[in-house]
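Source file: my_file.txt. Holds: compact mmCIF, C-alpha atoms.
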# COMPACT_ATOMS: atom_id res chain seq x y z
CA MET D 1 0.00 0.00 0.00
CA SER D 2 1.21 3.47 -0.84
CA ILE D 3 2.31 5.64 2.08
CA ASN D 4 0.75 8.63 0.34
CA PRO D 5 -2.88 9.57 1.05
CA PRO D 6 -5.13 8.38 -1.78
CA VAL D 7 -5.93 11.90 -2.94
CA MET D 8 -2.29 12.21 -4.01
CA ASP D 9 -2.67 9.35 -6.46
CA MET D 10 -4.09 11.15 -9.52
CA GLN D 11 -4.44 9.37 -12.85
CA PRO D 12 -1.10 9.54 -14.70
CA ASN D 13 -2.23 11.63 -17.69
CA VAL D 14 -3.06 14.56 -15.42
CA TYR D 15 0.64 14.92 -14.69
CA LEU D 16 1.34 15.37 -18.40
CA ILE D 17 -0.68 18.58 -18.59
CA GLU D 18 1.11 21.93 -18.54
CA GLY D 19 -0.35 25.30 -17.61
CA GLU D 20 -0.56 28.53 -19.60
CA SER D 21 2.60 30.63 -19.37
CA ALA D 22 0.86 33.97 -19.75
CA PHE D 23 -0.81 33.55 -16.37
CA SER D 24 2.40 32.42 -14.63
CA TYR D 25 3.93 35.88 -15.13
CA LEU D 26 1.12 37.75 -13.38
CA PRO D 27 2.54 37.37 -9.84
CA ILE D 28 5.99 38.43 -11.11
CA ILE D 29 4.53 41.57 -12.65
CA ARG D 30 2.62 42.29 -9.45
CA LYS D 31 5.81 41.95 -7.39
CA LEU D 32 7.69 44.39 -9.65
CA GLN D 33 4.81 46.85 -9.52
CA ASN D 34 4.77 46.64 -5.71
CA GLN D 35 8.44 47.63 -5.85
CA GLY D 36 7.41 50.79 -7.69
CA LYS D 37 8.44 49.67 -11.17
CA LYS D 38 6.29 50.39 -14.20
CA VAL D 39 5.84 47.17 -16.16
CA ILE D 40 4.54 47.15 -19.71
CA SER D 41 2.96 43.84 -20.59
CA PHE D 42 2.64 42.32 -24.04
CA GLY D 43 1.54 39.11 -22.32
CA ILE D 44 -2.02 37.91 -22.01
CA GLY D 45 -4.04 37.78 -25.21
CA GLN D 46 -7.33 39.45 -24.48
CA PRO D 47 -8.78 42.61 -26.03
CA ASP D 48 -8.28 45.69 -23.89
CA PHE D 49 -11.62 47.12 -25.06
CA PRO D 50 -14.75 46.95 -22.90
CA THR D 51 -17.59 44.70 -23.97
CA PRO D 52 -19.91 46.89 -26.08
CA ASP D 53 -22.75 48.50 -24.13
CA HIS D 54 -25.59 46.92 -26.11
CA ILE D 55 -24.25 43.46 -25.20
CA LYS D 56 -23.90 44.33 -21.52
CA ASN D 57 -27.39 45.80 -21.52
CA ALA D 58 -28.79 42.58 -22.98
CA ALA D 59 -27.28 40.61 -20.10
CA LYS D 60 -28.68 43.10 -17.59
CA ALA D 61 -32.12 42.83 -19.15
CA ALA D 62 -31.98 39.04 -18.96
CA LEU D 63 -31.08 39.25 -15.29
CA ASP D 64 -33.91 41.70 -14.66
CA ASP D 65 -36.24 39.24 -16.39
CA ASN D 66 -34.98 36.54 -14.02
CA PHE D 67 -33.55 34.50 -16.87
CA THR D 68 -31.14 32.84 -14.46
CA GLY D 69 -32.02 29.14 -14.49
CA TYR D 70 -30.81 26.20 -16.51
CA THR D 71 -31.26 26.31 -20.26
CA GLU D 72 -31.20 23.54 -22.83
CA THR D 73 -27.78 21.89 -22.71
CA GLN D 74 -27.31 22.53 -26.41
CA GLY D 75 -28.00 26.23 -25.92
CA ILE D 76 -31.08 28.43 -26.23
CA PRO D 77 -32.68 28.10 -29.67
CA GLU D 78 -32.35 31.79 -30.56
CA LEU D 79 -28.59 31.75 -29.93
CA ARG D 80 -28.04 28.60 -31.98
CA GLU D 81 -30.09 30.16 -34.76
CA ALA D 82 -28.04 33.36 -34.56
CA VAL D 83 -24.80 31.36 -34.78
CA ALA D 84 -26.04 29.44 -37.82
CA ASN D 85 -27.18 32.64 -39.52
CA TYR D 86 -23.83 34.30 -38.83
CA LEU D 87 -21.81 31.43 -40.30
CA ASN D 88 -24.10 31.08 -43.30
CA SER D 89 -24.25 34.78 -44.14
CA ARG D 90 -20.54 35.36 -43.57
CA TYR D 91 -19.12 32.19 -45.10
CA GLY D 92 -21.81 30.90 -47.42
CA SER D 93 -22.23 27.74 -45.38
CA ASP D 94 -25.39 25.74 -44.73
CA VAL D 95 -25.19 25.22 -40.97
CA LYS D 96 -28.47 24.30 -39.24
CA SER D 97 -29.22 25.48 -35.72
CA GLU D 98 -29.47 21.87 -34.56
CA GLU D 99 -25.81 21.44 -35.59
CA VAL D 100 -24.63 24.03 -33.03
CA ILE D 101 -23.89 23.38 -29.37
CA VAL D 102 -23.14 26.30 -27.07
CA THR D 103 -20.22 25.94 -24.66
CA PRO D 104 -18.81 28.00 -21.75
CA GLY D 105 -15.75 29.17 -23.65
CA SER D 106 -13.87 27.72 -26.59
CA LYS D 107 -11.53 25.75 -24.31
CA THR D 108 -14.53 23.65 -23.33
CA ALA D 109 -15.28 23.01 -27.00
CA ILE D 110 -11.65 21.97 -27.57
CA PHE D 111 -11.89 19.64 -24.58
CA MET D 112 -15.10 18.11 -25.92
CA ALA D 113 -13.57 17.50 -29.34
CA ALA D 114 -10.67 15.60 -27.81
CA ALA D 115 -12.90 13.75 -25.34
CA ALA D 116 -15.18 12.58 -28.12
CA TYR D 117 -12.53 11.34 -30.54
CA ILE D 118 -9.07 10.80 -29.03
CA ARG D 119 -8.41 7.18 -28.11
CA GLN D 120 -5.37 5.65 -26.45
CA ASN D 121 -2.29 6.25 -28.65
CA ASP D 122 -4.22 8.17 -31.30
CA GLU D 123 -2.08 10.87 -32.88
CA ALA D 124 -3.20 14.47 -33.24
CA ILE D 125 -1.24 16.81 -35.49
CA ILE D 126 -0.74 20.24 -33.97
CA ILE D 127 0.59 23.06 -36.11
CA GLU D 128 3.30 24.78 -34.11
CA PRO D 129 3.98 27.18 -32.58
CA SER D 130 0.54 26.51 -31.18
CA TYR D 131 -2.08 27.52 -28.69
CA TYR D 132 -1.06 25.48 -25.66
CA ALA D 133 -4.45 23.84 -24.91
CA TYR D 134 -4.55 21.53 -27.94
CA ALA D 135 -1.64 19.38 -26.82
CA GLN D 136 -2.86 19.24 -23.23
CA VAL D 137 -6.28 17.78 -24.00
CA VAL D 138 -4.77 15.27 -26.42
CA LYS D 139 -2.41 14.05 -23.70
CA LEU D 140 -5.19 13.93 -21.11
CA PHE D 141 -7.15 11.41 -23.18
CA GLY D 142 -4.15 9.22 -23.90
CA GLY D 143 -3.33 10.62 -27.32
CA ILE D 144 0.01 11.65 -28.75
CA PRO D 145 0.57 15.21 -29.98
CA LYS D 146 2.63 15.38 -33.18
CA PHE D 147 3.93 18.85 -33.91
CA VAL D 148 4.44 20.22 -37.41
CA SER D 149 6.06 23.64 -37.69
CA LEU D 150 4.91 26.55 -39.78
CA ASP D 151 7.35 27.99 -42.31
CA PHE D 152 8.92 31.32 -41.31
CA ASP D 153 10.01 34.12 -43.61
CA PRO D 154 11.54 37.10 -41.74
CA ASN D 155 9.96 39.50 -44.23
CA LYS D 156 6.50 37.95 -44.40
CA GLY D 157 5.97 36.01 -41.20
CA PHE D 158 4.51 32.52 -41.00
CA SER D 159 2.76 30.25 -43.48
CA LEU D 160 1.25 26.77 -43.57
CA ASN D 161 3.12 23.96 -45.30
CA VAL D 162 0.69 21.12 -46.04
CA GLU D 163 3.42 18.87 -47.44
CA LYS D 164 5.10 18.87 -44.03
CA ILE D 165 1.81 17.88 -42.43
CA GLU D 166 1.25 15.04 -44.88
CA LYS D 167 4.67 13.58 -44.10
CA GLN D 168 3.70 13.26 -40.44
CA ILE D 169 0.45 11.38 -41.06
CA THR D 170 0.37 7.73 -40.05
CA ASN D 171 -2.31 5.09 -39.61
CA HIS D 172 -2.74 6.42 -36.07
CA THR D 173 -3.46 10.04 -37.07
CA ARG D 174 -6.93 10.94 -35.79
CA MET D 175 -7.18 14.72 -36.09
CA ILE D 176 -5.44 17.95 -37.07
CA PHE D 177 -5.92 21.13 -35.04
CA VAL D 178 -6.15 24.23 -37.25
CA ASN D 179 -6.07 27.63 -35.53
CA ASN D 180 -6.73 30.31 -38.15
CA PRO D 181 -6.13 33.27 -37.77
CA HIS D 182 -3.24 31.94 -35.79
CA ASN D 183 -2.13 32.34 -32.20
CA PRO D 184 0.75 33.08 -31.50
CA THR D 185 1.97 34.25 -34.94
CA GLY D 186 -0.85 36.39 -36.33
CA ALA D 187 -0.73 34.40 -39.58
CA VAL D 188 -3.77 33.93 -41.81
CA PHE D 189 -3.51 30.80 -43.91
CA SER D 190 -4.00 31.17 -47.65
CA ARG D 191 -6.94 29.76 -49.58
CA ASP D 192 -4.64 27.43 -51.53
CA GLN D 193 -3.12 26.08 -48.32
CA LEU D 194 -6.54 25.41 -46.85
CA ASP D 195 -7.76 23.78 -50.06
CA GLN D 196 -4.78 21.42 -49.87
CA LEU D 197 -5.41 20.71 -46.20
CA VAL D 198 -9.10 19.91 -46.71
CA GLU D 199 -8.26 17.60 -49.59
CA LEU D 200 -5.64 15.87 -47.46
CA ALA D 201 -8.10 15.34 -44.62
CA ARG D 202 -10.63 13.84 -47.02
CA LYS D 203 -8.07 11.57 -48.65
CA LYS D 204 -6.71 10.30 -45.32
CA ASN D 205 -10.05 10.23 -43.39
CA ILE D 206 -8.80 12.66 -40.74
CA ILE D 207 -10.83 15.05 -38.59
CA LEU D 208 -10.03 18.76 -38.82
CA VAL D 209 -10.66 20.68 -35.60
CA ALA D 210 -10.98 24.30 -36.73
CA ASP D 211 -10.51 26.99 -34.09
CA GLU D 212 -11.41 30.30 -35.77
CA ILE D 213 -11.83 32.43 -32.65
CA TYR D 214 -9.97 35.38 -34.30
CA ASP D 215 -11.95 35.33 -37.55
CA ASN D 216 -13.06 38.96 -37.26
CA LEU D 217 -9.57 40.31 -36.71
CA ILE D 218 -8.14 40.28 -40.23
CA TYR D 219 -5.93 43.12 -41.54
CA ARG D 220 -4.11 41.85 -44.60
CA GLY D 221 -4.98 39.27 -47.22
CA SER D 222 -8.21 37.31 -47.37
CA PHE D 223 -9.64 34.76 -44.96
CA LYS D 224 -11.35 31.51 -45.88
CA SER D 225 -13.25 29.63 -43.20
CA LEU D 226 -13.17 25.85 -43.03
CA ILE D 227 -16.95 25.95 -42.49
CA SER D 228 -17.30 27.35 -46.02
CA TYR D 229 -16.40 24.04 -47.71
CA SER D 230 -19.49 22.32 -49.06
CA GLU D 231 -18.63 18.88 -47.61
CA TRP D 232 -17.58 20.16 -44.18
CA ARG D 233 -19.79 17.69 -42.31
CA ASP D 234 -17.61 14.68 -43.16
CA ASN D 235 -14.34 15.87 -41.62
CA LEU D 236 -14.87 19.04 -39.61
CA LEU D 237 -15.46 20.01 -36.01
CA TYR D 238 -15.78 23.80 -36.04
CA ILE D 239 -15.10 25.98 -32.97
CA ASN D 240 -15.66 29.70 -32.55
CA GLY D 241 -16.78 32.08 -29.83
CA PHE D 242 -17.39 35.56 -28.49
CA SER D 243 -14.25 36.27 -26.42
CA LYS D 244 -12.10 37.99 -29.02
CA THR D 245 -14.64 39.34 -31.52
CA PHE D 246 -16.82 41.05 -28.91
CA SER D 247 -14.23 41.47 -26.14
CA MET D 248 -16.13 39.02 -23.94
CA THR D 249 -13.29 36.91 -22.51
CA GLY D 250 -14.73 36.76 -19.00
CA TRP D 251 -18.23 35.94 -20.20
CA ARG D 252 -17.17 32.43 -21.26
CA LEU D 253 -19.30 31.86 -24.34
CA ALA D 254 -18.44 29.85 -27.45
CA TYR D 255 -19.82 27.10 -29.66
CA LEU D 256 -18.98 23.91 -31.47
CA VAL D 257 -20.52 23.01 -34.85
CA ALA D 258 -20.78 19.43 -36.09
CA ARG D 259 -23.14 17.34 -38.20
CA LYS D 260 -26.52 16.80 -36.55
CA GLU D 261 -26.11 13.04 -36.06
CA LEU D 262 -23.33 13.77 -33.55
CA MET D 263 -25.27 16.23 -31.42
CA PRO D 264 -26.97 13.66 -29.12
CA ARG D 265 -23.50 12.42 -28.11
CA PHE D 266 -22.12 15.93 -27.66
CA ASN D 267 -25.20 16.83 -25.63
CA ASP D 268 -24.70 13.89 -23.30
CA LEU D 269 -21.05 14.78 -22.92
CA ALA D 270 -21.90 18.43 -22.28
CA VAL D 271 -24.61 17.78 -19.70
CA SER D 272 -22.16 15.62 -17.77
CA LEU D 273 -19.51 18.33 -17.97
CA TYR D 274 -21.24 21.70 -17.51
CA SER D 275 -25.06 21.25 -17.73
CA CYS D 276 -25.42 24.36 -19.90
CA ALA D 277 -23.73 27.64 -20.69
CA THR D 278 -24.68 30.55 -18.43
CA SER D 279 -28.26 31.50 -19.21
CA PHE D 280 -28.16 35.31 -19.26
CA VAL D 281 -24.82 35.28 -21.11
CA GLN D 282 -26.48 33.33 -23.91
CA LYS D 283 -29.08 36.09 -24.22
CA ALA D 284 -26.26 38.60 -24.56
CA GLY D 285 -24.70 36.40 -27.24
CA VAL D 286 -27.83 36.71 -29.37
CA ILE D 287 -27.60 40.49 -29.27
CA ALA D 288 -23.86 40.37 -29.99
CA LEU D 289 -24.40 38.47 -33.24
CA ASN D 290 -27.61 40.23 -34.31
CA GLY D 291 -26.76 43.73 -33.10
CA ASP D 292 -24.39 46.55 -34.03
CA TRP D 293 -20.99 45.37 -35.29
CA THR D 294 -19.47 48.85 -35.40
CA PRO D 295 -17.45 48.31 -32.17
CA VAL D 296 -15.98 45.12 -33.66
CA LYS D 297 -14.88 46.94 -36.82
CA ASN D 298 -13.44 49.82 -34.80
CA MET D 299 -11.49 47.42 -32.59
CA ALA D 300 -10.04 45.58 -35.59
CA GLU D 301 -8.96 48.87 -37.17
CA GLU D 302 -7.24 49.92 -33.95
CA PHE D 303 -5.42 46.58 -33.67
CA ASN D 304 -4.18 47.09 -37.22
CA ARG D 305 -2.82 50.54 -36.33
CA ARG D 306 -1.10 49.12 -33.26
CA ALA D 307 0.47 46.30 -35.27
CA GLN D 308 1.97 48.80 -37.68
CA VAL D 309 3.36 50.97 -34.89
CA LEU D 310 4.86 47.97 -33.10
CA TYR D 311 6.41 46.73 -36.34
CA THR D 312 7.86 50.14 -37.21
CA ILE D 313 9.57 50.53 -33.84
CA LEU D 314 10.78 46.94 -33.50
CA LYS D 315 12.54 47.21 -36.85
CA ASN D 316 15.03 49.36 -34.93
CA ALA D 317 15.56 46.73 -32.23
CA GLU D 318 18.82 44.98 -33.03
CA GLY D 319 18.39 41.21 -33.12
CA PHE D 320 14.60 41.31 -33.58
CA GLU D 321 13.01 40.12 -36.83
CA PRO D 322 9.54 41.68 -36.82
CA TYR D 323 6.91 41.34 -39.55
CA LEU D 324 3.40 42.68 -40.08
CA PRO D 325 0.81 40.19 -38.78
CA GLN D 326 -2.17 39.40 -41.00
CA GLY D 327 -4.70 38.82 -38.23
CA ALA D 328 -5.43 38.27 -34.51
CA PHE D 329 -3.39 40.61 -32.26
CA TYR D 330 -0.05 38.83 -32.04
CA MET D 331 3.45 39.15 -33.42
CA PHE D 332 6.03 36.39 -33.01
CA PRO D 333 9.44 37.80 -34.02
CA ARG D 334 12.58 35.70 -34.11
CA ILE D 335 15.43 36.75 -31.78
CA SER D 336 17.97 34.05 -32.60
CA SER D 337 20.92 36.47 -32.94
CA ILE D 338 20.21 37.91 -29.47
CA LEU D 339 20.16 34.44 -27.96
CA ARG D 340 23.47 33.57 -29.63
CA LYS D 341 25.01 36.87 -28.50
CA THR D 342 23.90 36.47 -24.87
CA ASN D 343 24.05 32.66 -24.67
CA LEU D 344 20.59 32.74 -23.08
CA THR D 345 17.57 30.54 -23.61
CA VAL D 346 14.43 32.33 -24.73
CA LYS D 347 12.95 32.02 -21.22
CA GLU D 348 16.09 33.51 -19.71
CA PHE D 349 15.97 36.38 -22.18
CA VAL D 350 12.31 37.07 -21.36
CA ASN D 351 13.10 37.14 -17.65
CA LEU D 352 16.06 39.48 -18.22
CA LEU D 353 13.97 41.84 -20.37
CA LEU D 354 11.32 41.95 -17.67
CA GLU D 355 13.84 42.56 -14.90
CA LYS D 356 16.01 45.14 -16.66
CA ALA D 357 13.59 46.91 -19.00
CA GLY D 358 10.26 46.31 -17.29
CA VAL D 359 8.74 44.80 -20.44
CA LEU D 360 6.97 41.45 -20.56
CA VAL D 361 6.84 39.35 -23.71
CA LEU D 362 6.19 35.63 -23.66
CA PRO D 363 8.83 33.01 -24.49
CA GLY D 364 8.14 31.28 -27.78
CA ASP D 365 8.65 27.81 -26.37
CA ALA D 366 5.54 28.34 -24.24
CA PHE D 367 3.64 27.67 -27.46
CA PRO D 368 4.52 24.03 -27.87
CA ASP D 369 6.50 22.24 -29.02
CA LYS D 370 9.96 23.39 -30.19
CA ALA D 371 9.33 25.78 -33.11
CA GLY D 372 9.21 28.81 -30.83
CA LYS D 373 12.51 28.35 -29.03
CA GLU D 374 14.07 31.32 -30.85
CA PHE D 375 10.95 33.53 -30.84
CA VAL D 376 8.96 35.71 -28.45
CA ARG D 377 5.27 36.56 -28.55
CA PHE D 378 3.86 40.06 -28.39
CA SER D 379 0.18 40.61 -27.70
CA TYR D 380 -0.56 44.15 -28.83
CA ALA D 381 -3.95 44.12 -27.12
CA THR D 382 -2.80 47.03 -25.01
CA SER D 383 -2.83 50.80 -25.37
CA MET D 384 -0.97 52.59 -28.13
CA GLU D 385 0.94 54.51 -25.47
CA SER D 386 2.12 51.28 -23.86
CA ILE D 387 3.06 49.79 -27.23
CA LYS D 388 5.22 52.79 -28.11
CA GLU D 389 6.92 52.96 -24.71
CA GLY D 390 7.40 49.21 -24.42
CA ALA D 391 8.82 48.84 -27.92
CA GLU D 392 11.18 51.81 -27.40
CA ARG D 393 12.42 50.24 -24.17
CA ILE D 394 13.21 47.08 -26.13
CA VAL D 395 15.14 49.10 -28.74
CA GLU D 396 17.30 50.61 -26.00
CA PHE D 397 17.71 47.25 -24.28
CA THR D 398 18.98 45.57 -27.43
CA LYS D 399 21.42 48.43 -28.10
CA ASP D 400 23.04 47.66 -24.76
CA ILE D 401 23.24 43.96 -25.58
CA PHE D 402 25.09 44.48 -28.85
CA LYS D 403 27.45 47.11 -27.40
CA LYS D 404 29.01 44.47 -25.19

Structure translated into structure tokens:
Amino acid sequence: MSINPPVMDMQPNVYLIEGESAFSYLPIIRKLQNQGKKVISFGIGQPDFPTPDHIKNAAKAALDDNFTGYTETQGIPELREAVANYLNSRYGSDVKSEEVIVTPGSKTAIFMAAAAYIRQNDEAIIIEPSYYAYAQVVKLFGGIPKFVSLDFDPNKGFSLNVEKIEKQITNHTRMIFVNNPHNPTGAVFSRDQLDQLVELARKKNIILVADEIYDNLIYRGSFKSLISYSEWRDNLLYINGFSKTFSMTGWRLAYLVARKELMPRFNDLAVSLYSCATSFVQKAGVIALNGDWTPVKNMAEEFNRRAQVLYTILKNAEGFEPYLPQGAFYMFPRISSILRKTNLTVKEFVNLLLEKAGVLVLPGDAFPDKAGKEFVRFSYATSMESIKEGAERIVEFTKDIFKK
């Protein structure tokens, strides 16, 4: 018998899960601020805009109407209808409301996708650098994450290479996670690349898990949604939500779209996991989709302006290789020459930058697996004033590095 108390004996896969690095820096920032230091953070990826008033008012009205009980597990009908209408009008799809299930945040939808399909030793291809959660849920359910790196061009940024993905496919490959627009790079994958990927998934009988949470933050190029393909029902689990588009991160509202025959299973999984998404938040979601989109457009335009300012200043930072992102609100510049000059790892560089310059960026290897080990992530979801000051601090910091 183990000498440990039984509560210490968790199932082994739980110990494989890693946390999110952005949150681990919060106590460090707080400590520096308590010491009187001004810290500029390019860390956590959430819009710095308030949720639009008409959405907040819808939630208040629902509360005043005492709409505070359980709802249907799948989501209130008017929200599922609004989601279907949005996807169909925006992307020319043919989604039915009964093919939508509402979730408390997109992480829950990602969890449900893995729970429903990943079996012991199944392989899931994750395009890296990647949003950290994909690999964690795969590991939790006994699967094996297989990482395939994006191509990087210092002048253009990142792009998808479908040939590299195809080379990693085996008889055990179950799904491919596709985050587009992409966190942490700000890339938007081209139509040709997506056409190739969809064809590959069909040919190899692989599930595509599409996470398009940043689909309304596009600045350059054109965006094609995976829900726009006419035969999407055979290979696609589609995830989107309200956090980024409507600046509703704390509201925890998202959705998963799949063919209607799967919904009874997803419903049973959901009711065992969370019963239903928050009732009055769902009412606000209806108004978000059906109401005024002017705040969304204004926010996207401001993010574009910030990206250009950040890029312009960072071009003067010796050792940084910035590029103009196409979407989301991230830049992921390479700093390989700085790491060689200082003989630091990317985590050590990030800690030094925070300590000496009072600027937080995230280490690229926090976005698994190994593709980010010479990169750092900027989230420019912060004020223009902070972007200018933070980027200028980095310019001065790198001057000192290369003087030595």

> What is the atom CA of Asp122 of chain D to atom CA of Arg174 of chain D distance in Å?
Replying inline: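 About the pair atom CA of Asp122 of chain D and atom CA of Arg174 of chain D: they are 5.9 Å apart.
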
> Between D:Asn180, D:Ser228, D:Thr245, D:Asn57, which is the closest to Tyr91 of chain D once you count only C-alpha atoms?
Replying inline: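 Once distances to Tyr91 of chain D are computed over only C-alpha atoms, the minimum belongs to D:Ser228.
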
>> Set the distance at 10 Å and use all atoms listed in the file: which residues neighbour Asp94 of chain D once local chain neighbours fewer than 6 positions away are removed? I'd like the list as an NGL selection string.
In response: :D and (84-85 or 87-88 or 227-230 or 232)

Using 8 Å as the limit and counting all atoms listed in the file, can you tabulate each residue of segment 175-252 of chain D that touches segment 29-48 of chain D, with its shortest atom-to-atom distance in Å and the two atoms involved, as a Markdown table?
| residue | atom | partner | partner_atom | distance |
| --- | --- | --- | --- | --- |
| D:Ser243 | CA | D:Gln46 | CA | 7.9 |
| D:Lys244 | CA | D:Pro47 | CA | 6.4 |
| D:Ser247 | CA | D:Pro47 | CA | 5.6 |
| D:Thr249 | CA | D:Gln46 | CA | 6.8 |

Those selected residues, please, written with C-alpha atoms and delivered as an mmCIF file, in the frame of the given file.
data_model
loop_
_atom_site.group_PDB
_atom_site.id
_atom_site.type_symbol
_atom_site.label_atom_id
_atom_site.label_comp_id
_atom_site.auth_asym_id
_atom_site.auth_seq_id
_atom_site.Cartn_x
_atom_site.Cartn_y
_atom_site.Cartn_z
ATOM 1 C CA SER D 243 -14.250 36.270 -26.420
ATOM 2 C CA LYS D 244 -12.100 37.990 -29.020
ATOM 3 C CA SER D 247 -14.230 41.470 -26.140
ATOM 4 C CA THR D 249 -13.290 36.910 -22.510
#

>> Residues within 7 Å of segment 294-303 of chain D, please, as a PyMOL selection string. Count all atoms listed in the file; anything in the same chain fewer than 4 positions from it doesn't count.
In response: chain D and resi 52+217+245-246+307+329

> Which is closer to Gly143 of chain D than all the others in D:Gln196, D:Asn13, D:Gln120, D:Thr185, using only C-alpha atoms?
Replying inline: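 The answer is D:Gln120, which sits nearest to Gly143 of chain D.
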
>> Show me, as number ranges by chain, the residues that have an atom within 7 Å of Leu362 of chain D when counting only C-alpha atoms, minus same-chain residues fewer than 4 positions from it.
In response: D: 22, 43, 350, 376-378

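Minimum atom-to-atom distance to Thr382 of chain D, evaluated using only C-alpha atoms, belongs to D:Leu310 out of D:Gly291, D:Lys224, D:Leu310, D:Tyr117.
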